[in-house]
$ cat entry_31.txt   # compact mmCIF, C-alpha atoms and all ligand atoms
# COMPACT_ATOMS: atom_id res chain seq x y z
CA MET A 1 -24.82 -13.28 21.63
CA ILE A 2 -26.38 -9.92 22.31
CA TRP A 3 -29.67 -10.66 20.61
CA GLY A 4 -30.46 -13.60 22.88
CA ASN A 5 -33.72 -13.22 24.70
CA ARG A 6 -33.52 -9.56 25.60
CA ASN A 7 -36.48 -7.50 24.66
CA GLU A 8 -36.16 -4.40 22.56
CA GLN A 9 -36.16 -1.94 25.46
CA GLU A 10 -33.44 -3.82 27.28
CA LEU A 11 -31.45 -4.02 24.12
CA LYS A 12 -31.80 -0.29 23.56
CA ARG A 13 -30.71 0.53 27.09
CA HIS A 14 -27.80 -1.83 26.78
CA PHE A 15 -26.82 -0.22 23.52
CA GLU A 16 -27.00 3.27 24.99
CA GLU A 17 -24.92 2.21 27.94
CA ILE A 18 -22.16 0.97 25.72
CA ALA A 19 -22.41 3.41 22.85
CA TYR A 20 -23.09 6.88 24.22
CA GLN A 21 -19.71 7.26 25.87
CA TYR A 22 -18.18 7.59 22.40
CA MET A 23 -20.42 10.40 21.21
CA ASP A 24 -17.89 13.17 21.72
CA ILE A 25 -15.04 11.49 19.91
CA LEU A 26 -17.33 10.29 17.14
CA TYR A 27 -18.66 13.79 16.67
CA GLY A 28 -15.19 15.35 16.81
CA THR A 29 -13.98 12.89 14.20
CA ALA A 30 -17.08 13.37 12.07
CA LEU A 31 -16.49 17.11 12.12
CA LYS A 32 -12.89 16.65 11.04
CA MET A 33 -14.05 14.47 8.18
CA THR A 34 -17.07 16.44 6.94
CA LYS A 35 -15.81 19.91 7.95
CA ASP A 36 -19.43 20.86 8.46
CA PRO A 37 -21.21 20.83 11.85
CA VAL A 38 -24.60 20.01 10.37
CA GLU A 39 -23.25 17.10 8.35
CA ALA A 40 -21.19 15.94 11.32
CA GLU A 41 -24.34 15.69 13.44
CA ASP A 42 -26.16 13.83 10.69
CA LEU A 43 -23.22 11.49 10.28
CA VAL A 44 -23.07 10.71 13.99
CA GLN A 45 -26.81 10.15 14.11
CA ASP A 46 -26.64 7.82 11.11
CA THR A 47 -23.76 6.02 12.75
CA TYR A 48 -25.72 5.41 15.93
CA LEU A 49 -28.80 4.28 14.07
CA ARG A 50 -26.81 1.87 12.00
CA ALA A 51 -24.84 0.66 14.97
CA TYR A 52 -28.12 0.00 16.74
CA ARG A 53 -29.53 -1.84 13.76
CA PHE A 54 -26.47 -4.03 13.56
CA PHE A 55 -26.02 -4.33 17.29
CA ASN A 56 -26.91 -7.99 17.14
CA LYS A 57 -23.90 -8.46 14.88
CA PHE A 58 -21.61 -7.00 17.48
CA GLU A 59 -19.97 -9.64 19.60
CA GLU A 60 -19.80 -8.68 23.20
CA GLY A 61 -16.29 -8.68 24.58
CA THR A 62 -14.82 -7.42 21.33
CA ASN A 63 -13.77 -3.85 20.70
CA PHE A 64 -16.89 -1.72 20.55
CA LYS A 65 -14.97 1.48 19.96
CA ALA A 66 -13.31 0.07 16.85
CA TRP A 67 -16.62 -1.40 15.75
CA ILE A 68 -18.54 1.87 15.95
CA PHE A 69 -15.67 3.75 14.31
CA LYS A 70 -15.90 1.29 11.47
CA ILE A 71 -19.56 2.14 11.05
CA LEU A 72 -18.75 5.86 11.19
CA THR A 73 -16.04 5.43 8.57
CA ASN A 74 -18.17 3.33 6.23
CA THR A 75 -21.07 5.71 6.58
CA PHE A 76 -18.87 8.66 5.84
CA ILE A 77 -17.34 7.02 2.78
CA ASN A 78 -20.64 5.84 1.38
CA LYS A 79 -22.85 8.76 2.10
CA TYR A 80 -21.02 11.91 3.03
CA ARG A 81 -17.78 11.97 1.19
CA LYS A 82 -19.33 12.63 -2.19
CA LYS A 83 -21.11 15.64 -0.70
CA ALA A 84 -18.13 17.00 1.18
CA LYS A 85 -16.60 20.09 -0.26
CA GLN A 86 -13.39 19.52 -2.07
CA PRO A 87 -10.56 20.88 0.04
CA HIS A 88 -7.92 23.02 -1.51
CA GLN A 89 -5.80 20.42 -3.13
CA VAL A 90 -2.32 20.52 -1.81
CA ASP A 91 0.45 20.50 -4.33
CA PHE A 92 1.85 17.19 -3.20
CA ASP A 93 4.80 17.28 -5.55
CA LYS A 94 5.92 20.38 -3.79
CA VAL A 95 5.43 19.26 -0.24
CA GLU A 96 6.54 15.65 -0.41
CA PHE A 97 10.18 16.39 -0.21
CA LEU A 98 11.17 15.38 3.22
CA TYR A 99 11.01 11.65 3.27
CA ALA A 100 11.29 11.35 -0.45
CA ASP A 101 12.46 7.89 -1.33
CA ASP A 102 15.34 9.35 -3.22
CA GLN A 103 17.74 10.18 -0.46
CA LYS A 104 19.26 13.06 -2.39
CA GLU A 105 16.05 14.94 -1.78
CA ASN A 106 16.21 14.24 1.92
CA SER A 107 18.01 17.38 2.82
CA PRO A 108 19.27 17.05 6.39
CA ASP A 109 18.89 20.80 6.78
CA ASN A 110 15.20 20.64 6.18
CA VAL A 111 14.80 17.67 8.44
CA ARG A 112 16.68 19.37 11.19
CA ASN A 113 14.37 22.31 11.01
CA LEU A 114 11.52 20.17 12.26
CA ASP A 115 12.21 21.08 15.80
CA ASN A 116 9.53 20.91 18.40
CA ASP A 117 10.04 24.31 19.98
CA ILE A 118 9.76 26.05 16.64
CA TYR A 119 6.62 24.29 15.72
CA GLN A 120 4.87 24.44 19.02
CA LYS A 121 4.67 28.20 18.64
CA LEU A 122 2.56 28.29 15.57
CA PHE A 123 1.05 24.93 15.12
CA ASP A 124 -1.88 24.69 17.41
CA ASP A 125 -3.93 26.25 14.62
CA LYS A 126 -1.75 25.39 11.72
CA ILE A 127 -1.66 21.70 12.38
CA ASN A 128 -5.44 21.66 12.21
CA ASP A 129 -5.36 23.63 8.95
CA ALA A 130 -2.77 21.27 7.56
CA LEU A 131 -4.81 18.24 8.54
CA ASP A 132 -7.81 19.73 6.74
CA LYS A 133 -5.78 19.89 3.57
CA LEU A 134 -5.05 16.18 3.46
CA SER A 135 -7.25 13.99 1.33
CA ASP A 136 -10.02 12.14 3.18
CA GLU A 137 -8.13 8.86 3.03
CA PHE A 138 -4.99 10.25 4.58
CA ARG A 139 -6.76 12.39 7.15
CA MET A 140 -8.78 9.40 8.32
CA VAL A 141 -5.81 7.15 9.02
CA VAL A 142 -3.85 9.94 10.68
CA LEU A 143 -6.79 10.68 12.97
CA LEU A 144 -7.35 7.02 13.76
CA CYS A 145 -3.70 6.40 14.52
CA ASP A 146 -2.40 9.59 16.09
CA VAL A 147 -5.48 11.10 17.71
CA HIS A 148 -7.40 7.96 18.67
CA GLY A 149 -4.45 5.66 19.16
CA PHE A 150 -5.80 2.72 17.21
CA ALA A 151 -3.30 0.03 16.28
CA TYR A 152 -2.64 -0.74 12.61
CA LYS A 153 -4.67 -3.90 12.81
CA GLU A 154 -7.65 -1.97 14.15
CA ILE A 155 -7.31 0.78 11.56
CA SER A 156 -7.15 -1.83 8.88
CA GLU A 157 -10.46 -3.25 10.10
CA ILE A 158 -12.07 0.12 10.67
CA ALA A 159 -11.18 1.52 7.27
CA SER A 160 -11.43 -1.85 5.48
CA ILE A 161 -7.97 -1.54 3.98
CA PRO A 162 -4.97 -3.88 4.20
CA ILE A 163 -2.33 -3.13 6.81
CA GLY A 164 0.16 -2.22 4.11
CA THR A 165 -2.22 0.46 2.89
CA VAL A 166 -2.63 1.74 6.43
CA MET A 167 1.13 2.14 6.61
CA SER A 168 1.55 3.81 3.26
CA ARG A 169 -1.31 6.24 3.90
CA LEU A 170 0.12 7.11 7.30
CA SER A 171 3.56 7.53 5.85
CA ARG A 172 2.38 9.75 3.03
CA GLY A 173 -0.10 11.62 5.21
CA ARG A 174 2.58 12.54 7.73
CA LYS A 175 4.95 13.41 4.95
CA GLN A 176 2.41 15.87 3.57
CA LEU A 177 1.70 17.28 7.00
CA GLN A 178 5.37 17.82 7.53
CA GLY A 179 5.68 19.59 4.21
CA LEU A 180 2.73 21.83 4.99
CA LEU A 181 4.12 22.66 8.42
CA LEU A 182 7.45 23.55 6.91
CA GLU A 183 5.70 25.84 4.46
CA TYR A 184 4.00 27.61 7.33
CA ALA A 185 7.24 27.83 9.24
CA GLU A 186 8.89 29.42 6.26
CA GLN A 187 6.04 31.87 5.75
CA GLU A 188 6.19 32.88 9.37
CA GLY A 189 9.92 33.27 9.21
CA PHE A 190 10.60 30.70 11.89
CA ILE A 191 13.01 28.70 9.87
CA LYS A 192 15.00 31.68 8.73
CA LYS A 193 15.14 33.13 12.19
CA ARG A 194 16.38 29.89 13.57
CA SER A 195 19.07 29.39 10.96
CA SER A 196 20.51 32.80 11.72
CA ASN A 197 20.91 31.97 15.41
CA MET B 1 25.33 7.97 2.40
CA SER B 2 25.00 4.28 2.91
CA GLN B 3 23.05 1.92 0.71
CA LYS B 4 21.47 0.42 3.76
CA GLU B 5 19.69 3.58 4.67
CA SER B 6 17.95 4.08 1.39
CA SER B 7 16.83 0.46 1.47
CA ILE B 8 14.48 1.15 4.35
CA PRO B 9 11.04 1.79 2.90
CA SER B 10 9.30 4.82 4.34
CA GLU B 11 6.43 2.54 5.41
CA LYS B 12 8.83 0.69 7.63
CA ILE B 13 10.03 3.89 9.22
CA THR B 14 6.41 4.76 9.85
CA ALA B 15 5.78 1.38 11.42
CA TYR B 16 8.84 1.91 13.59
CA VAL B 17 7.60 5.32 14.72
CA ASP B 18 4.27 3.76 15.63
CA ASN B 19 5.92 0.91 17.48
CA GLU B 20 4.29 -1.61 15.18
CA LEU B 21 7.39 -3.52 14.18
CA VAL B 22 8.26 -6.83 15.74
CA GLU B 23 11.14 -6.74 18.16
CA VAL B 24 13.79 -8.03 15.77
CA GLU B 25 12.97 -5.42 13.16
CA ARG B 26 12.73 -2.65 15.68
CA ASP B 27 16.15 -3.54 17.06
CA GLU B 28 17.55 -3.57 13.57
CA ILE B 29 16.26 -0.09 12.82
CA GLU B 30 17.52 1.18 16.13
CA ALA B 31 20.95 -0.21 15.41
CA ARG B 32 20.97 1.58 12.06
CA ILE B 33 19.80 4.79 13.65
CA GLY B 34 22.79 4.57 15.94
CA ASN B 35 25.15 4.73 12.98
CA ASP B 36 23.18 6.96 10.70
CA PRO B 37 22.39 10.50 11.84
CA LYS B 38 20.28 11.23 8.80
CA LEU B 39 18.07 8.21 9.33
CA LYS B 40 17.76 9.28 12.93
CA GLU B 41 16.61 12.72 11.87
CA ILE B 42 14.04 11.28 9.51
CA CYS B 43 12.62 9.12 12.29
CA GLU B 44 12.67 11.99 14.74
CA ALA B 45 10.90 14.27 12.30
CA GLN B 46 8.13 11.78 11.82
CA LYS B 47 7.84 11.29 15.56
CA GLN B 48 7.45 15.05 15.89
CA VAL B 49 4.66 15.16 13.35
CA LYS B 50 2.89 12.34 15.16
CA LYS B 51 3.33 14.07 18.48
CA LEU B 52 2.10 17.39 17.15
CA VAL B 53 -1.02 15.81 15.70
CA LYS B 54 -1.68 14.04 18.97
CA GLU B 55 -1.23 17.17 21.06
CA CYS B 56 -2.58 19.89 18.82
CA VAL B 57 -5.51 18.33 17.04
CA LEU B 58 -8.43 19.00 19.30
CA LEU B 59 -11.70 17.25 18.66
CA GLU B 60 -14.77 19.31 19.28
CA LYS B 61 -17.27 17.90 21.72
CA ALA B 62 -20.68 16.91 20.53
CA PRO B 63 -23.29 19.65 20.93
CA VAL B 64 -25.53 19.07 23.92
CA HIS B 65 -28.67 18.53 21.88
CA LEU B 66 -27.13 15.70 19.85
CA ARG B 67 -27.61 13.05 22.49
CA ALA B 68 -31.31 13.86 22.83
CA ARG B 69 -31.67 13.92 19.08
CA ILE B 70 -30.07 10.50 18.73
CA ARG B 71 -32.12 9.08 21.57
CA ARG B 72 -35.29 10.27 19.84
CA SER B 73 -34.26 8.68 16.59
CA LEU B 74 -33.42 5.44 18.34
CA ASP B 75 -36.82 5.46 19.99
CA GLN B 76 -38.39 5.58 16.57
CA ALA B 77 -36.15 2.87 15.28
CA GLN B 78 -37.01 -0.76 15.47
CA ILE B 79 -34.71 -3.62 14.95
CA VAL B 80 -36.26 -6.27 12.81
CA PRO B 81 -33.65 -8.97 12.37
CA GLY B 82 -35.17 -10.31 9.17
CA PHE B 83 -34.65 -6.96 7.51
CA LEU B 84 -31.03 -6.71 8.43
CA ASN B 85 -29.69 -8.08 5.21
CA LEU B 86 -31.85 -5.81 3.16
CA ILE B 87 -30.92 -2.76 5.18
CA SER B 88 -27.33 -3.79 4.96
CA ASP B 89 -27.54 -4.02 1.21
CA ILE B 90 -29.13 -0.63 0.87
CA PHE B 91 -26.60 1.15 2.94
CA ARG B 92 -23.56 -0.63 1.85
CA TYR B 93 -24.22 -0.35 -1.83
CA HIS B 94 -26.04 2.82 -2.52
CA ALA B 95 -22.73 4.40 -3.34
CA VAL B 96 -21.69 1.79 -5.86
CA LYS B 97 -20.23 3.59 -8.80
CA GLY B 98 -17.55 2.46 -11.21
CA LEU B 99 -17.80 -1.19 -11.96
CA ALA B 100 -14.90 -3.41 -12.72
CA THR B 101 -14.57 -5.50 -15.77
CA THR B 102 -14.40 -9.12 -14.73
CA CYS B 103 -17.15 -11.53 -15.64
CA THR B 104 -20.22 -9.46 -15.07
CA ILE B 105 -23.24 -11.65 -15.17
CA LEU B 106 -26.20 -10.05 -13.58
CA VAL B 107 -27.56 -6.59 -13.49
CA LEU B 108 -29.79 -4.36 -11.49
CA VAL B 109 -31.58 -5.14 -8.36
CA ALA B 110 -33.93 -2.25 -7.92
CA LEU B 111 -34.78 -2.07 -4.28
CA PRO B 112 -38.34 -1.15 -3.45
CA TRP B 113 -39.40 1.63 -1.16
CA PHE B 114 -38.28 0.65 2.26
CA PRO B 115 -40.42 1.85 5.14
CA ALA B 116 -37.85 2.63 7.77
CA GLU B 117 -37.95 6.01 9.48
CA ASN B 118 -34.68 7.87 9.52
CA LEU B 119 -32.80 5.33 7.52
CA THR B 120 -35.21 5.45 4.64
CA PRO B 121 -33.12 5.63 1.53
CA SER B 122 -33.87 8.46 -0.83
CA SER B 123 -34.51 7.78 -4.48
CA ASP B 124 -30.84 8.00 -5.36
CA ASP B 125 -30.18 5.19 -2.93
CA VAL B 126 -31.95 2.79 -5.23
CA ILE B 127 -29.06 0.95 -6.62
CA ALA B 128 -27.78 -1.14 -9.38
CA VAL B 129 -25.84 -4.05 -8.03
CA LYS B 130 -23.77 -6.21 -10.28
CA LEU B 131 -22.72 -9.66 -9.33
CA GLN B 132 -19.14 -10.51 -10.03
CA VAL B 133 -17.69 -13.94 -10.32
CA ILE B 134 -14.01 -14.14 -9.67
CA GLU B 135 -11.63 -17.02 -9.60
CA GLY B 136 -8.32 -17.10 -7.85
CA LYS B 137 -6.29 -18.24 -4.94
CA LEU B 138 -7.35 -17.49 -1.41
CA ILE B 139 -4.59 -15.50 0.26
CA CYS B 140 -4.22 -13.25 3.29
CA VAL B 141 -4.55 -9.66 2.05
CA ASP B 142 -2.31 -8.32 4.79
CA CYS B 143 0.44 -10.92 4.36
CA GLU B 144 0.27 -10.48 0.61
CA GLN B 145 0.65 -6.73 0.67
CA LEU B 146 3.31 -6.67 3.35
CA HIS B 147 5.20 -9.28 1.38
CA SER B 148 4.92 -7.41 -1.91
CA GLU B 149 6.28 -4.30 -0.24
CA HIS B 150 9.05 -6.23 1.45
CA ILE B 151 7.77 -5.41 4.87
CA ASN B 152 7.46 -8.80 6.42
CA SER B 153 7.90 -7.81 9.96
CA VAL B 154 5.03 -5.57 10.86
CA LYS B 155 2.89 -6.99 13.61
CA HIS B 156 0.08 -8.80 11.99
CA SER B 157 -1.85 -9.99 15.04
CA ASP B 158 -2.75 -13.60 15.39
CA PHE B 159 -5.08 -14.00 12.52
CA HIS B 160 -5.04 -13.58 8.79
CA ARG B 161 -7.66 -11.92 6.68
CA ALA B 162 -8.43 -13.85 3.56
CA GLY B 163 -8.96 -12.33 0.15
CA LEU B 164 -8.70 -13.62 -3.38
CA LYS B 165 -5.80 -13.14 -5.74
CA THR B 166 -6.73 -13.54 -9.38
CA SER B 167 -4.36 -14.70 -12.11
CA ASP B 168 -3.66 -11.10 -13.18
CA GLY B 169 -2.45 -10.33 -9.65
CA THR B 170 -5.48 -8.33 -8.55
CA ILE B 171 -6.29 -8.76 -4.89
CA TRP B 172 -9.94 -8.78 -3.96
CA GLN B 173 -11.16 -8.23 -0.46
CA PHE B 174 -14.42 -9.41 1.02
CA LEU B 175 -16.89 -7.49 3.08
CA ASP B 176 -16.79 -8.88 6.60
CA TYR B 177 -20.40 -9.85 6.52
CA GLY B 178 -22.35 -13.07 5.99
CA LYS B 179 -20.61 -15.42 3.58
CA GLY B 180 -17.70 -13.01 3.33
CA SER B 181 -17.00 -13.44 7.03
CA GLU B 182 -16.82 -17.19 6.57
CA LEU B 183 -14.15 -16.75 3.92
CA ILE B 184 -12.20 -14.04 5.69
CA HIS B 185 -11.84 -15.79 8.99
CA ASP B 186 -11.49 -19.45 8.10
CA PHE B 187 -7.81 -19.89 7.37
CA SER B 188 -8.19 -23.56 6.59
CA ARG B 189 -9.02 -22.56 3.03
CA LEU B 190 -5.95 -20.38 2.52
CA ASN B 191 -4.13 -21.21 -0.73
CA ALA B 192 -7.16 -23.01 -2.13
CA THR B 193 -8.41 -22.03 -5.56
CA MET B 194 -11.92 -20.69 -5.35
CA HIS B 195 -14.84 -19.37 -7.34
CA VAL B 196 -16.38 -16.47 -5.45
CA GLU B 197 -19.55 -14.68 -6.42
CA GLY B 198 -20.56 -11.42 -4.87
CA LYS B 199 -21.73 -7.85 -5.20
CA LEU B 200 -19.14 -5.27 -6.03
CA ILE B 201 -18.59 -2.46 -3.57
CA ASN B 202 -17.37 0.96 -4.54
CA GLY B 203 -15.41 -0.27 -7.54
CA ASP B 204 -12.67 -0.92 -5.04
CA HIS B 205 -12.00 -4.62 -5.53
CA THR B 206 -14.18 -5.46 -2.59
CA LEU B 207 -16.99 -7.97 -2.79
CA ASN B 208 -19.98 -8.68 -0.63
CA VAL B 209 -19.82 -12.43 -1.03
CA GLN B 210 -23.03 -14.21 -1.96
CA SER B 211 -21.57 -17.65 -2.55
CA TYR B 212 -18.29 -19.42 -3.02
CA GLN B 213 -17.01 -22.73 -4.13
CA LYS B 214 -13.69 -24.48 -3.88
CA ILE B 215 -12.41 -25.68 -7.22
ZN ZN C 301 -1.79 -12.75 7.10
$ encode --input "entry_31.txt" --output "structure tokens" --more "lines below"
Ligand SMILES: [Zn+2]
Amino acid sequence: MIWGNRNEQELKRHFEEIAYQYMDILYGTALKMTKDPVEAEDLVQDTYLRAYRFFNKFEEGTNFKAWIFKILTNTFINKYRKKAKQPHQVDFDKVEFLYADDQKENSPDNVRNLDNDIYQKLFDDKINDALDKLSDEFRMVVLLCDVHGFAYKEISEIASIPIGTVMSRLSRGRKQLQGLLLEYAEQEGFIKKRSSN
Amino acid sequence: MSQKESSIPSEKITAYVDNELVEVERDEIEARIGNDPKLKEICEAQKQVKKLVKECVLLEKAPVHLRARIRRSLDQAQIVPGFLNLISDIFRYHAVKGLATTCTILVLVALPWFPAENLTPSSDDVIAVKLQVIEGKLICVDCEQLHSEHINSVKHSDFHRAGLKTSDGTIWQFLDYGKGSELIHDFSRLNATMHVEGKLINGDHTLNVQSYQKI
């Protein structure tokens, strides 16, 4: 038990020792979620204050990173999401064509076009734009899984959603990303150029 | 195209890409990929998206002043264990919005001004909290959902996470806090029929459990 007989100063130092190493990734994630540097700072500060307040609930030896991400996520959902600007809503009907459950829509030609060397050329920026266009729910699980490398079980705890929901959000989130990336590739003429080779 | 291929839910392909399937299931998908170029392409495409996100999404570092700012705010903060529940309530429920329809019995806990520095809630944090009473069977929310989507093979660590399934099929989750933690993590009660009373969170079929009783 962390609370034990430590005094407040010791507890604070102990907290800082454990918690401050995550400041960069918490801020980076907060910025991706709020899309606003001022709100991202506020969100990270709120997260640390709350984490500190609930530090006695944290069981030493368990996953602090997942724990503080959970606080970040809850804080974002409860306090910041309603303020966040609405992103351009993606026309999901249009972009969700690649892994469509109906196999007839799964055109092998389109799938084949998702080739790394095409995408690498334009996607350093575009992938970030595309990620911004996802809804908060999808963007969060994609970040947690693909950027931070959390396992499904951890994401499920962090975002307080069942594992099945983690999977379906990831699946749909990636599907939408793929659609958006294909759109970009088409706009930039990469797909056409490649087909003519 | 084979029937087999279209029978693989996209969630399962995702779980495969993330290496979250148990060995048997993973082997099965790999065997199918061997005979099915289109399935292979679908998996590869998703792997590419995952890889691109991993490599191209760069997280900005925290500005240098943030650490000092947080340290200052922590210095002003005091942990008072007795207040934890109250603080918890304020911050977990100030966003409560749409309220579900089941047996609503009690209305409105107006929280008083709370004298805590940076975490002081503003006036719109004063909240109306409704207590819900639900009755149903205690189930594992993860098992239940994986089962209903016919994905029985995703790794589901060593422990379940209990929730309540009501007679209309709604699955309620509990906040992992206080009484809710007792319910979530004690699997000995799984499959029991329970009355659970708690505060509704976010209209999202999640309860902060105040009390429960086995029927
Ligand atoms: Zn389970």
$ closest_atom_pairs --input "entry_31.txt" --of "chain A" --to "ligand ZN 301 (chain C)" --cutoff "12 Å" --atoms "only C-alpha atoms and all ligand atoms" --output "tab-separated table"
residue	atom	partner	partner_atom	distance
A:Lys153	CA	C:ZN301	ZN	10.9
A:Pro162	CA	C:ZN301	ZN	9.9
A:Ile163	CA	C:ZN301	ZN	9.6
A:Gly164	CA	C:ZN301	ZN	11.1
$ interface_residues --input "entry_31.txt" --of "chain A" --to "chain B" --cutoff "6 Å" --atoms "all atoms listed in the file" --output "list in words"
Asp24, Tyr27, Gly28, Gln45, Arg53, Asn78, Leu114, Asp124, Asn128, Asp146, Val147, Pro162, Ile163, Gly164, Met167, Ser168 and Ser171 of chain A
$ atom_distance --input "entry_31.txt" --atom1 "CA of Asn56 (chain A)" --atom2 "CA of Leu11 (chain A)"
9.2 Å
$ closest_residue --input "entry_31.txt" --among "B:Ile134, B:Ile215, B:Ala162, B:Ala68" --to "Asp186 (chain B)" --atoms "all atoms listed in the file"
B:Ala162
$ closest_residue --input "entry_31.txt" --among "A:Thr73, A:Gly61, A:Ser160, A:Ala130" --to "Leu207 (chain B)" --atoms "only C-alpha atoms"
A:Ser160
$ atom_distance --input "entry_31.txt" --atom1 "CA of Leu143 (chain A)" --atom2 "CA of Thr29 (chain A)"
7.6 Å
$ atom_distance --input "entry_31.txt" --atom1 "CA of Met140 (chain A)" --atom2 "CA of Asp125 (chain A)"
18.6 Å
